[in-house]
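Participant: Take a look at entry_13.txt, compact mmCIF, C-alpha atoms:
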```txt
# COMPACT_ATOMS: atom_id res chain seq x y z
CA MET A 1 7.82 -3.15 38.65
CA GLY A 2 5.53 -4.95 41.14
CA LEU A 3 2.53 -4.09 38.98
CA PHE A 4 3.67 -6.60 36.34
CA ASN A 5 5.00 -9.20 38.78
CA VAL A 6 2.22 -11.65 37.88
CA THR A 7 1.98 -15.04 36.25
CA HIS A 8 2.10 -15.10 32.46
CA PRO A 9 2.50 -18.05 30.10
CA ALA A 10 5.69 -18.06 28.05
CA SER A 11 3.55 -18.31 24.94
CA PHE A 12 -0.01 -18.55 23.69
CA LEU A 13 -1.52 -21.16 21.39
CA LEU A 14 -3.42 -19.75 18.44
CA THR A 15 -6.50 -21.38 16.94
CA GLY A 16 -7.57 -21.57 13.31
CA ILE A 17 -11.27 -22.34 12.89
CA PRO A 18 -12.65 -24.62 15.64
CA GLY A 19 -14.08 -27.85 14.30
CA LEU A 20 -12.42 -27.38 10.92
CA GLU A 21 -8.84 -28.20 11.90
CA SER A 22 -8.63 -30.97 9.30
CA SER A 23 -9.57 -28.44 6.60
CA HIS A 24 -6.88 -25.89 7.49
CA PRO A 25 -4.60 -26.91 4.58
CA TRP A 26 -7.53 -26.40 2.19
CA LEU A 27 -8.40 -23.04 3.77
CA ALA A 28 -4.77 -21.92 3.43
CA GLY A 29 -5.18 -21.53 -0.36
CA PRO A 30 -8.07 -19.02 -0.26
CA LEU A 31 -6.37 -17.15 2.58
CA CYS A 32 -3.17 -16.82 0.54
CA VAL A 33 -5.20 -15.51 -2.39
CA MET A 34 -6.87 -12.94 -0.12
CA TYR A 35 -3.53 -11.77 1.23
CA ALA A 36 -2.10 -11.56 -2.29
CA VAL A 37 -5.04 -9.42 -3.44
CA ALA A 38 -4.88 -7.22 -0.33
CA LEU A 39 -1.12 -6.65 -0.44
CA GLY A 40 -0.84 -6.52 -4.25
CA GLY A 41 -3.92 -4.39 -4.86
CA ASN A 42 -3.19 -1.82 -2.17
CA THR A 43 0.48 -1.61 -3.17
CA VAL A 44 -0.54 -0.92 -6.77
CA ILE A 45 -2.83 1.90 -5.62
CA LEU A 46 -0.05 3.38 -3.48
CA GLN A 47 2.31 3.29 -6.45
CA ALA A 48 -0.28 4.76 -8.81
CA VAL A 49 -0.96 7.70 -6.48
CA ARG A 50 2.77 8.26 -6.00
CA MET A 51 3.67 8.14 -9.70
CA GLU A 52 0.66 9.78 -11.38
CA PRO A 53 0.51 13.61 -11.15
CA SER A 54 -3.20 13.48 -12.02
CA LEU A 55 -3.82 11.66 -8.72
CA HIS A 56 -2.04 14.26 -6.60
CA ALA A 57 -5.33 15.48 -5.17
CA PRO A 58 -6.92 15.28 -1.67
CA MET A 59 -9.27 12.39 -2.51
CA TYR A 60 -6.40 10.20 -3.71
CA PHE A 61 -4.05 11.20 -0.89
CA PHE A 62 -6.70 9.93 1.54
CA LEU A 63 -7.09 6.79 -0.59
CA SER A 64 -3.34 6.18 -0.35
CA MET A 65 -3.62 6.47 3.46
CA LEU A 66 -6.42 3.89 3.39
CA SER A 67 -4.31 1.57 1.23
CA PHE A 68 -1.35 1.98 3.58
CA SER A 69 -3.47 1.04 6.61
CA ASP A 70 -4.80 -2.01 4.73
CA VAL A 71 -1.26 -3.13 3.85
CA ALA A 72 -0.16 -2.61 7.46
CA MET A 73 -3.15 -4.56 8.80
CA SER A 74 -2.47 -7.45 6.41
CA LEU A 75 1.20 -7.57 7.40
CA ALA A 76 0.27 -7.49 11.09
CA THR A 77 -1.86 -10.64 10.81
CA LEU A 78 -0.02 -12.49 8.03
CA PRO A 79 2.78 -14.18 10.07
CA THR A 80 0.51 -15.90 12.60
CA VAL A 81 -2.28 -16.72 10.14
CA PHE A 82 0.23 -18.27 7.73
CA ARG A 83 1.92 -20.29 10.50
CA THR A 84 -1.42 -21.49 11.92
CA PHE A 85 -3.08 -22.57 8.67
CA CYS A 86 -0.10 -23.54 6.52
CA LEU A 87 2.49 -24.86 8.98
CA ASP A 88 0.27 -25.90 11.90
CA ALA A 89 2.65 -23.88 14.12
CA ARG A 90 0.29 -22.38 16.68
CA ASP A 91 2.54 -20.95 19.37
CA ILE A 92 3.33 -17.25 19.75
CA ALA A 93 5.48 -15.68 22.46
CA PHE A 94 3.63 -13.62 25.08
CA ASP A 95 5.36 -10.32 24.23
CA ALA A 96 4.99 -10.93 20.48
CA CYS A 97 1.27 -11.46 21.05
CA LEU A 98 1.04 -8.13 22.89
CA ILE A 99 2.78 -6.36 19.99
CA GLN A 100 0.50 -7.97 17.41
CA MET A 101 -2.59 -7.09 19.46
CA PHE A 102 -1.49 -3.45 19.65
CA LEU A 103 -0.76 -3.25 15.92
CA ILE A 104 -4.03 -4.88 14.83
CA HIS A 105 -6.17 -2.59 16.99
CA SER A 106 -4.10 0.47 16.04
CA PHE A 107 -4.32 -0.07 12.28
CA SER A 108 -8.03 -0.86 12.57
CA MET A 109 -8.59 2.44 14.38
CA MET A 110 -6.46 4.23 11.79
CA GLU A 111 -8.70 2.88 9.03
CA SER A 112 -11.77 4.16 10.84
CA GLY A 113 -10.21 7.61 11.19
CA ILE A 114 -9.19 7.68 7.52
CA LEU A 115 -12.73 6.77 6.44
CA LEU A 116 -13.94 9.73 8.51
CA ALA A 117 -11.38 12.02 6.84
CA MET A 118 -12.53 10.75 3.43
CA SER A 119 -16.14 11.59 4.31
CA PHE A 120 -15.04 15.14 5.16
CA ASP A 121 -13.32 15.29 1.78
CA ARG A 122 -16.57 14.28 0.03
CA TYR A 123 -18.54 16.78 2.14
CA VAL A 124 -16.32 19.70 1.16
CA ALA A 125 -16.16 18.62 -2.50
CA ILE A 126 -19.96 18.50 -2.82
CA CYS A 127 -21.24 21.07 -0.31
CA ASP A 128 -18.55 23.74 -0.71
CA PRO A 129 -16.73 23.00 -4.00
CA LEU A 130 -15.42 26.56 -4.49
CA ARG A 131 -13.37 26.30 -1.28
CA TYR A 132 -12.26 22.68 -1.81
CA ALA A 133 -8.70 23.53 -2.87
CA THR A 134 -8.23 26.11 -0.11
CA VAL A 135 -9.71 23.97 2.68
CA LEU A 136 -7.96 20.68 1.86
CA THR A 137 -4.41 21.85 1.28
CA ASN A 138 -1.47 19.45 1.45
CA GLU A 139 -0.65 20.74 4.92
CA VAL A 140 -4.20 20.11 6.17
CA ILE A 141 -4.22 16.60 4.67
CA ALA A 142 -0.85 15.78 6.25
CA GLY A 143 -2.11 17.13 9.58
CA MET A 144 -5.25 14.99 9.40
CA GLY A 145 -3.17 11.90 8.60
CA LEU A 146 -0.85 12.64 11.52
CA ALA A 147 -3.81 13.22 13.86
CA VAL A 148 -5.41 9.90 12.85
CA THR A 149 -2.13 8.06 13.44
CA ALA A 150 -1.44 9.78 16.76
CA ARG A 151 -4.97 9.10 18.01
CA SER A 152 -4.60 5.40 17.28
CA PHE A 153 -1.26 4.95 18.99
CA VAL A 154 -1.98 7.20 21.99
CA THR A 155 -5.45 5.74 22.65
CA LEU A 156 -4.30 2.13 22.41
CA PHE A 157 -0.92 2.52 24.09
CA PRO A 158 -2.32 1.39 27.49
CA LEU A 159 -3.71 -1.91 26.15
CA PRO A 160 -0.51 -4.01 26.36
CA PHE A 161 0.06 -2.78 29.92
CA LEU A 162 -3.56 -3.51 30.90
CA ILE A 163 -3.05 -7.08 29.71
CA LYS A 164 0.41 -7.41 31.25
CA ARG A 165 -0.89 -6.52 34.73
CA LEU A 166 -3.31 -9.48 34.61
CA PRO A 167 -2.30 -12.97 35.76
CA ILE A 168 -2.97 -15.44 32.92
CA CYS A 169 -3.54 -18.82 34.51
CA ARG A 170 -6.79 -20.26 33.18
CA SER A 171 -5.45 -21.33 29.79
CA ASN A 172 -3.04 -20.17 27.12
CA VAL A 173 -5.25 -21.07 24.14
CA LEU A 174 -6.60 -18.11 22.14
CA SER A 175 -9.71 -18.25 19.97
CA HIS A 176 -8.18 -16.86 16.76
CA SER A 177 -5.10 -17.14 14.57
CA TYR A 178 -3.99 -13.71 15.82
CA CYS A 179 -4.03 -11.81 19.12
CA LEU A 180 -6.90 -9.52 20.15
CA HIS A 181 -7.48 -7.68 23.42
CA PRO A 182 -10.93 -9.21 24.26
CA ASP A 183 -9.58 -12.69 23.58
CA MET A 184 -6.51 -12.27 25.77
CA MET A 185 -8.22 -10.64 28.74
CA LYS A 186 -10.72 -13.52 28.99
CA LEU A 187 -7.84 -15.84 29.93
CA ALA A 188 -7.07 -13.84 33.08
CA CYS A 189 -7.85 -15.25 36.50
CA ALA A 190 -8.39 -11.78 37.98
CA ASP A 191 -10.83 -8.88 37.76
CA ILE A 192 -10.95 -7.57 34.17
CA THR A 193 -13.38 -4.71 34.82
CA ILE A 194 -10.80 -2.03 34.00
CA ASN A 195 -9.94 -3.74 30.70
CA SER A 196 -13.63 -4.09 29.79
CA ILE A 197 -14.46 -0.47 30.63
CA TYR A 198 -11.44 0.89 28.78
CA GLY A 199 -12.15 -1.31 25.75
CA LEU A 200 -15.77 -0.07 25.66
CA PHE A 201 -14.60 3.54 26.07
CA VAL A 202 -12.19 3.18 23.14
CA LEU A 203 -14.86 1.53 20.98
CA VAL A 204 -17.48 4.23 21.63
CA SER A 205 -15.19 7.29 21.65
CA THR A 206 -13.33 6.40 18.44
CA PHE A 207 -15.13 3.92 16.17
CA GLY A 208 -18.57 4.98 17.40
CA MET A 209 -17.90 8.70 17.00
CA ASP A 210 -16.26 8.17 13.61
CA LEU A 211 -19.32 6.31 12.34
CA LEU A 212 -21.64 8.99 13.74
CA PHE A 213 -19.75 11.81 12.01
CA ILE A 214 -19.59 9.83 8.75
CA PHE A 215 -23.37 9.41 8.93
CA LEU A 216 -23.88 13.13 9.66
CA SER A 217 -21.59 14.10 6.77
CA TYR A 218 -23.74 12.07 4.37
CA VAL A 219 -26.93 13.60 5.76
CA LEU A 220 -25.47 17.02 4.88
CA ILE A 221 -24.27 15.75 1.49
CA LEU A 222 -27.73 14.39 0.64
CA HIS A 223 -29.33 17.65 1.76
CA SER A 224 -26.98 19.58 -0.52
CA VAL A 225 -27.44 17.19 -3.46
CA MET A 226 -31.25 17.37 -3.23
CA GLY A 227 -30.92 21.10 -3.78
CA ILE A 228 -29.34 20.57 -7.22
CA ALA A 229 -31.94 21.18 -9.93
CA SER A 230 -30.53 18.84 -12.58
CA ARG A 231 -31.13 15.10 -12.01
CA GLU A 232 -28.01 14.32 -14.02
CA GLU A 233 -25.90 16.59 -11.81
CA ARG A 234 -27.38 15.01 -8.67
CA LEU A 235 -26.44 11.52 -9.85
CA LYS A 236 -22.97 12.72 -10.86
CA ALA A 237 -22.39 14.20 -7.39
CA LEU A 238 -23.64 11.06 -5.62
CA ASN A 239 -21.56 8.82 -7.89
CA THR A 240 -18.38 10.39 -6.50
CA CYS A 241 -19.39 9.01 -3.08
CA VAL A 242 -20.19 5.42 -4.09
CA SER A 243 -16.67 4.04 -3.59
CA HIS A 244 -16.38 5.62 -0.15
CA ILE A 245 -19.83 4.38 0.92
CA LEU A 246 -18.90 0.83 -0.14
CA ALA A 247 -15.60 1.08 1.77
CA VAL A 248 -17.46 2.30 4.88
CA LEU A 249 -19.95 -0.58 4.62
CA SER A 250 -17.20 -3.19 4.11
CA PHE A 251 -15.46 -1.93 7.27
CA TYR A 252 -18.30 -1.17 9.68
CA VAL A 253 -20.84 -3.88 8.82
CA PRO A 254 -18.47 -6.74 9.78
CA MET A 255 -17.40 -4.74 12.88
CA ILE A 256 -21.00 -4.32 14.02
CA GLY A 257 -21.60 -8.00 13.26
CA VAL A 258 -18.61 -9.05 15.37
CA SER A 259 -19.69 -6.80 18.27
CA THR A 260 -23.27 -8.10 18.13
CA VAL A 261 -22.23 -11.76 18.06
CA HIS A 262 -19.65 -11.16 20.81
CA ARG A 263 -22.12 -9.46 23.19
CA PHE A 264 -25.41 -11.22 22.44
CA GLY A 265 -24.51 -14.47 20.71
CA LYS A 266 -23.60 -16.49 23.78
CA HIS A 267 -25.13 -19.65 22.31
CA VAL A 268 -23.83 -19.11 18.78
CA PRO A 269 -21.30 -21.81 17.75
CA ARG A 270 -17.72 -20.82 18.43
CA TYR A 271 -16.67 -21.08 14.79
CA ILE A 272 -19.22 -18.35 13.93
CA HIS A 273 -17.41 -15.96 16.30
CA VAL A 274 -14.10 -16.81 14.64
CA LEU A 275 -15.46 -16.50 11.09
CA MET A 276 -17.01 -13.09 11.86
CA SER A 277 -13.70 -11.83 13.28
CA ASN A 278 -11.82 -13.13 10.25
CA ILE A 279 -14.26 -11.37 7.90
CA TYR A 280 -13.82 -8.13 9.84
CA LEU A 281 -10.02 -8.25 9.59
CA PHE A 282 -9.51 -9.84 6.16
CA VAL A 283 -12.33 -8.52 3.96
CA PRO A 284 -11.81 -4.71 3.98
CA PRO A 285 -8.14 -4.86 2.82
CA VAL A 286 -9.25 -7.16 -0.03
CA LEU A 287 -12.34 -5.20 -1.08
CA ASN A 288 -11.01 -1.63 -0.86
CA PRO A 289 -8.58 -1.82 -3.83
CA LEU A 290 -11.18 -3.71 -5.86
CA ILE A 291 -13.89 -1.14 -5.06
CA TYR A 292 -11.77 1.89 -5.92
CA SER A 293 -10.29 0.28 -9.02
CA ALA A 294 -13.73 -0.71 -10.31
CA LYS A 295 -15.62 2.47 -9.42
CA THR A 296 -13.01 5.19 -10.04
CA LYS A 297 -12.00 5.60 -13.67
CA GLU A 298 -9.08 7.90 -12.74
CA ILE A 299 -7.57 5.07 -10.69
CA ARG A 300 -8.09 2.57 -13.51
CA ARG A 301 -6.46 4.88 -16.04
CA ALA A 302 -3.53 5.63 -13.74
CA ILE A 303 -2.93 1.92 -13.09
CA ALA A 304 -3.11 1.17 -16.82
CA ARG A 305 -0.59 3.94 -17.59
CA MET A 306 1.70 2.73 -14.81
CA PHE A 307 1.78 -0.85 -16.12
CA HIS A 308 2.20 0.42 -19.68
CA ARG A 309 5.31 2.35 -18.65
CA MET A 310 6.65 -0.72 -16.90
CA LYS A 311 6.31 -2.75 -20.10
CA VAL A 312 8.06 -0.07 -22.13
```
What is this file in structure tokens?
Facilitator:
Amino acid sequence: MGLFNVTHPASFLLTGIPGLESSHPWLAGPLCVMYAVALGGNTVILQAVRMEPSLHAPMYFFLSMLSFSDVAMSLATLPTVFRTFCLDARDIAFDACLIQMFLIHSFSMMESGILLAMSFDRYVAICDPLRYATVLTNEVIAGMGLAVTARSFVTLFPLPFLIKRLPICRSNVLSHSYCLHPDMMKLACADITINSIYGLFVLVSTFGMDLLFIFLSYVLILHSVMGIASREERLKALNTCVSHILAVLSFYVPMIGVSTVHRFGKHVPRYIHVLMSNIYLFVPPVLNPLIYSAKTKEIRRAIARMFHRMKV
């Protein structure tokens, strides 16, 4: 028990966008629209996959996992973002902040793992189509989903304890409208080397490796597609990957931007750091349902049939 016998504030104060405090009520409207699109769009996709037998296939099972992680991420940030921007209620209890931090990082890592699983799905579908049904069985898909979830929770389980062992006595004001590990550890008045090393290890061993394997899977996919004689067949094969590529870009480009600004943008205005973090957390859950609805005709048809049945 002595390990956690250190000074902690009873609560933290969250921050909206520095320098734009007077505009928070105006920013609340667009944020509410983004949350509505993220929660509504991903819930519709989940329902469509559940109700439509034509979508009971590996690609759409993985898509439903992606939609679930987007819904979970949105729900993890919604309470504090809403209170900060709409109600100007900035305080959050210390333990509640730890829980939110764990959930945000966990669901973010889950999304990365699901995008990797989806790239494997595209690899098998294009490079070994005859074995697609035998390789990606329901049991294998469920196992991959369980492995992604377990990896997230097991890898990030130490984070709340790594924060709790630190004395927080410099300030209790956080830089965002939600709780993140790098933000919280900077408030400690003690050595944070262990936190920094573990955070870097998690980033490289999970997100970094996921991105590497996604890249390698597309190298193999392109190699296989270039071997197809018909130009029309090549384009058809690549078109099945467009939605996934866009989802990968919408997730990893903001993440790389946040990491770059965080590590090298020491003189960048503070609001740029906050805006980049907000884009990283808010944009993928909004874009993913729009991307898959726009680019996948099976999803569009299933959603149309679902709403038609609801009207009848």
Participant: Would you list the residues near (-3.8, -15.7, 30.5) (no more than 9 Å away, in the coordinates of the file, using only C-alpha atoms) as a PDB file with C-alpha atoms, keeping the file's coordinate frame?
Facilitator:
```
ATOM      1  CA  THR A   7       1.980 -15.040  36.250  1.00  0.00           C
ATOM      2  CA  HIS A   8       2.100 -15.100  32.460  1.00  0.00           C
ATOM      3  CA  PRO A   9       2.500 -18.050  30.100  1.00  0.00           C
ATOM      4  CA  PHE A  12      -0.010 -18.550  23.690  1.00  0.00           C
ATOM      5  CA  ILE A 163      -3.050  -7.080  29.710  1.00  0.00           C
ATOM      6  CA  LEU A 166      -3.310  -9.480  34.610  1.00  0.00           C
ATOM      7  CA  PRO A 167      -2.300 -12.970  35.760  1.00  0.00           C
ATOM      8  CA  ILE A 168      -2.970 -15.440  32.920  1.00  0.00           C
ATOM      9  CA  CYS A 169      -3.540 -18.820  34.510  1.00  0.00           C
ATOM     10  CA  ARG A 170      -6.790 -20.260  33.180  1.00  0.00           C
ATOM     11  CA  SER A 171      -5.450 -21.330  29.790  1.00  0.00           C
ATOM     12  CA  ASN A 172      -3.040 -20.170  27.120  1.00  0.00           C
ATOM     13  CA  VAL A 173      -5.250 -21.070  24.140  1.00  0.00           C
ATOM     14  CA  MET A 184      -6.510 -12.270  25.770  1.00  0.00           C
ATOM     15  CA  MET A 185      -8.220 -10.640  28.740  1.00  0.00           C
ATOM     16  CA  LYS A 186     -10.720 -13.520  28.990  1.00  0.00           C
ATOM     17  CA  LEU A 187      -7.840 -15.840  29.930  1.00  0.00           C
ATOM     18  CA  ALA A 188      -7.070 -13.840  33.080  1.00  0.00           C
ATOM     19  CA  CYS A 189      -7.850 -15.250  36.500  1.00  0.00           C
TER      20      CYS A 189
END
```
Participant: Name the closest residue to Val202 in chain A among the candidates A:Ile245, A:Met110, A:Ala10, A:Leu156; distances are taken between atoms, counting all atoms listed in the file.
Facilitator: A:Leu156
Participant: Would you pick out the contacts of Ala76 in chain A at 8 Å or less, using all atoms listed in the file, so that residues sharing its chain but fewer than 3 positions from it are not included, and give the list as a PyMOL selection string?
Facilitator: chain A and resi 72-73+79+100+103-104
Participant: Where does range 174-249 of chain A meet range 49-61 of chain A within 12 Å, residue by residue, with the nearest atom pair and distance in Å to one decimal for each, counting all atoms listed in the file, listed by chain and rising number, as CSV?
Facilitator:
```
residue,atom,partner,partner_atom,distance
A:Thr240,CA,A:Met59,CA,10.1
A:Cys241,CA,A:Met59,CA,10.7
A:Ser243,CA,A:Met59,CA,11.2
A:His244,CA,A:Met59,CA,10.1
```
Participant: Quick one: residues within 12 Å of Leu249 in chain A, all atoms listed in the file counted, chain neighbours fewer than 3 positions away excluded, as a list in words?
Facilitator: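 Contacts, with the query itself left out: Ser112, Leu115, Leu211, Ile214, Phe215, Val242, Ser243, His244, Ile245, Leu246, Tyr252, Val253, Pro254, Met255, Ile256, Gly257, Tyr280, Val283, Pro284, Leu287, Asn288 and Ile291 of chain A.
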Participant: If you take only C-alpha atoms and a cut-off of 12 Å, which residues of range 6-50 of chain A touch range 292-297 of chain A, and what are their nearest atom pairs and distances in Å to one decimal, in chain and number order, as a Markdown table?
Facilitator:
```
| residue | atom | partner | partner_atom | distance |
| --- | --- | --- | --- | --- |
| A:Gly41 | CA | A:Ser293 | CA | 8.9 |
| A:Asn42 | CA | A:Tyr292 | CA | 10.1 |
| A:Val44 | CA | A:Ser293 | CA | 10.1 |
| A:Ile45 | CA | A:Ser293 | CA | 8.4 |
| A:Ala48 | CA | A:Ser293 | CA | 11.0 |
```
Participant: Between CA of Pro289 in chain A and CA of Val248 in chain A, measure the distance and give it in Å to one decimal.
Facilitator: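 CA of Val248 in chain A lies at a distance of 13.1 Å from CA of Pro289 in chain A.
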Participant: With a distance cut-off of 12 Å and only C-alpha atoms, select the neighbouring residues of Val286 in chain A, excluding the residue or stretch itself and same-chain residues fewer than 3 positions from it, and output the selection as a count of residues only.
Facilitator: 33
Participant: When you count only C-alpha atoms, which of these residues is closest to Ala96 in chain A: A:Met209, A:Val274, A:Ala304, A:Cys179?
Facilitator: A:Cys179
Participant: Quick one: distance from CA of Phe213 in chain A to CA of Ala117 in chain A in Å, one decimal?
Facilitator: 9.8 Å
Participant: Hey, can you pull every residue with an atom no more than 12 Å from (-13.0, 19.7, 4.1), using all atoms listed in the file, and send it as number ranges by chain?
Facilitator: A: 58-59, 62, 116-138, 140-141, 144, 217
Participant: Find the distance between CA of Val81 in chain A and CA of Ser177 in chain A and write it in Å to one decimal.
Facilitator: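 Atom-to-atom, CA of Val81 in chain A and CA of Ser177 in chain A are spaced 5.3 Å apart.
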Participant: So, counting all atoms listed in the file, which residue among A:Ser205, A:Ser224, A:His273, A:Ser11 is closest to Ala93 in chain A?
Facilitator: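 Answer, going by the shortest atom-to-atom distance: A:Ser11.
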Participant: As JSON, please: the centre and edge lengths in Å, to one decimal, of an axis-aligned box enclosing every listed atom of range 135-150 of chain A with 6 Å added on each side.
Facilitator:
```
{"center_x": -5.2, "center_y": 16.0, "center_z": 9.0, "size_x": 21.1, "size_y": 27.9, "size_z": 27.5}
```
Participant: Pick out the residues sitting within 8 Å of Met101 in chain A, and hand them over as number ranges by chain; count all atoms listed in the file, and ignore anything fewer than 6 positions along from it in its own chain.
Facilitator: A: 160, 178-181
Participant: So, with all atoms listed in the file as the atoms that count, which of A:Ser108, A:Ser259, A:Ser277, A:Thr84 lies closest to Leu13 in chain A?
Facilitator: A:Thr84
Participant: Using only C-alpha atoms, which of the listed residues (A:Leu46, A:Leu174, A:Leu146, A:Ala237) sits closest to Pro18 in chain A?
Facilitator: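 When distances to Pro18 in chain A are compared using only C-alpha atoms, the smallest one comes from A:Leu174.
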Participant: For Lys164 in chain A, which of A:Ile99, A:Val268, A:Leu216, A:Ile228 is the closest residue, counting only C-alpha atoms?
Facilitator: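 Checking each of A:Ile99, A:Val268, A:Leu216, A:Ile228 against Lys164 in chain A, counting only C-alpha atoms, the winner is A:Ile99.
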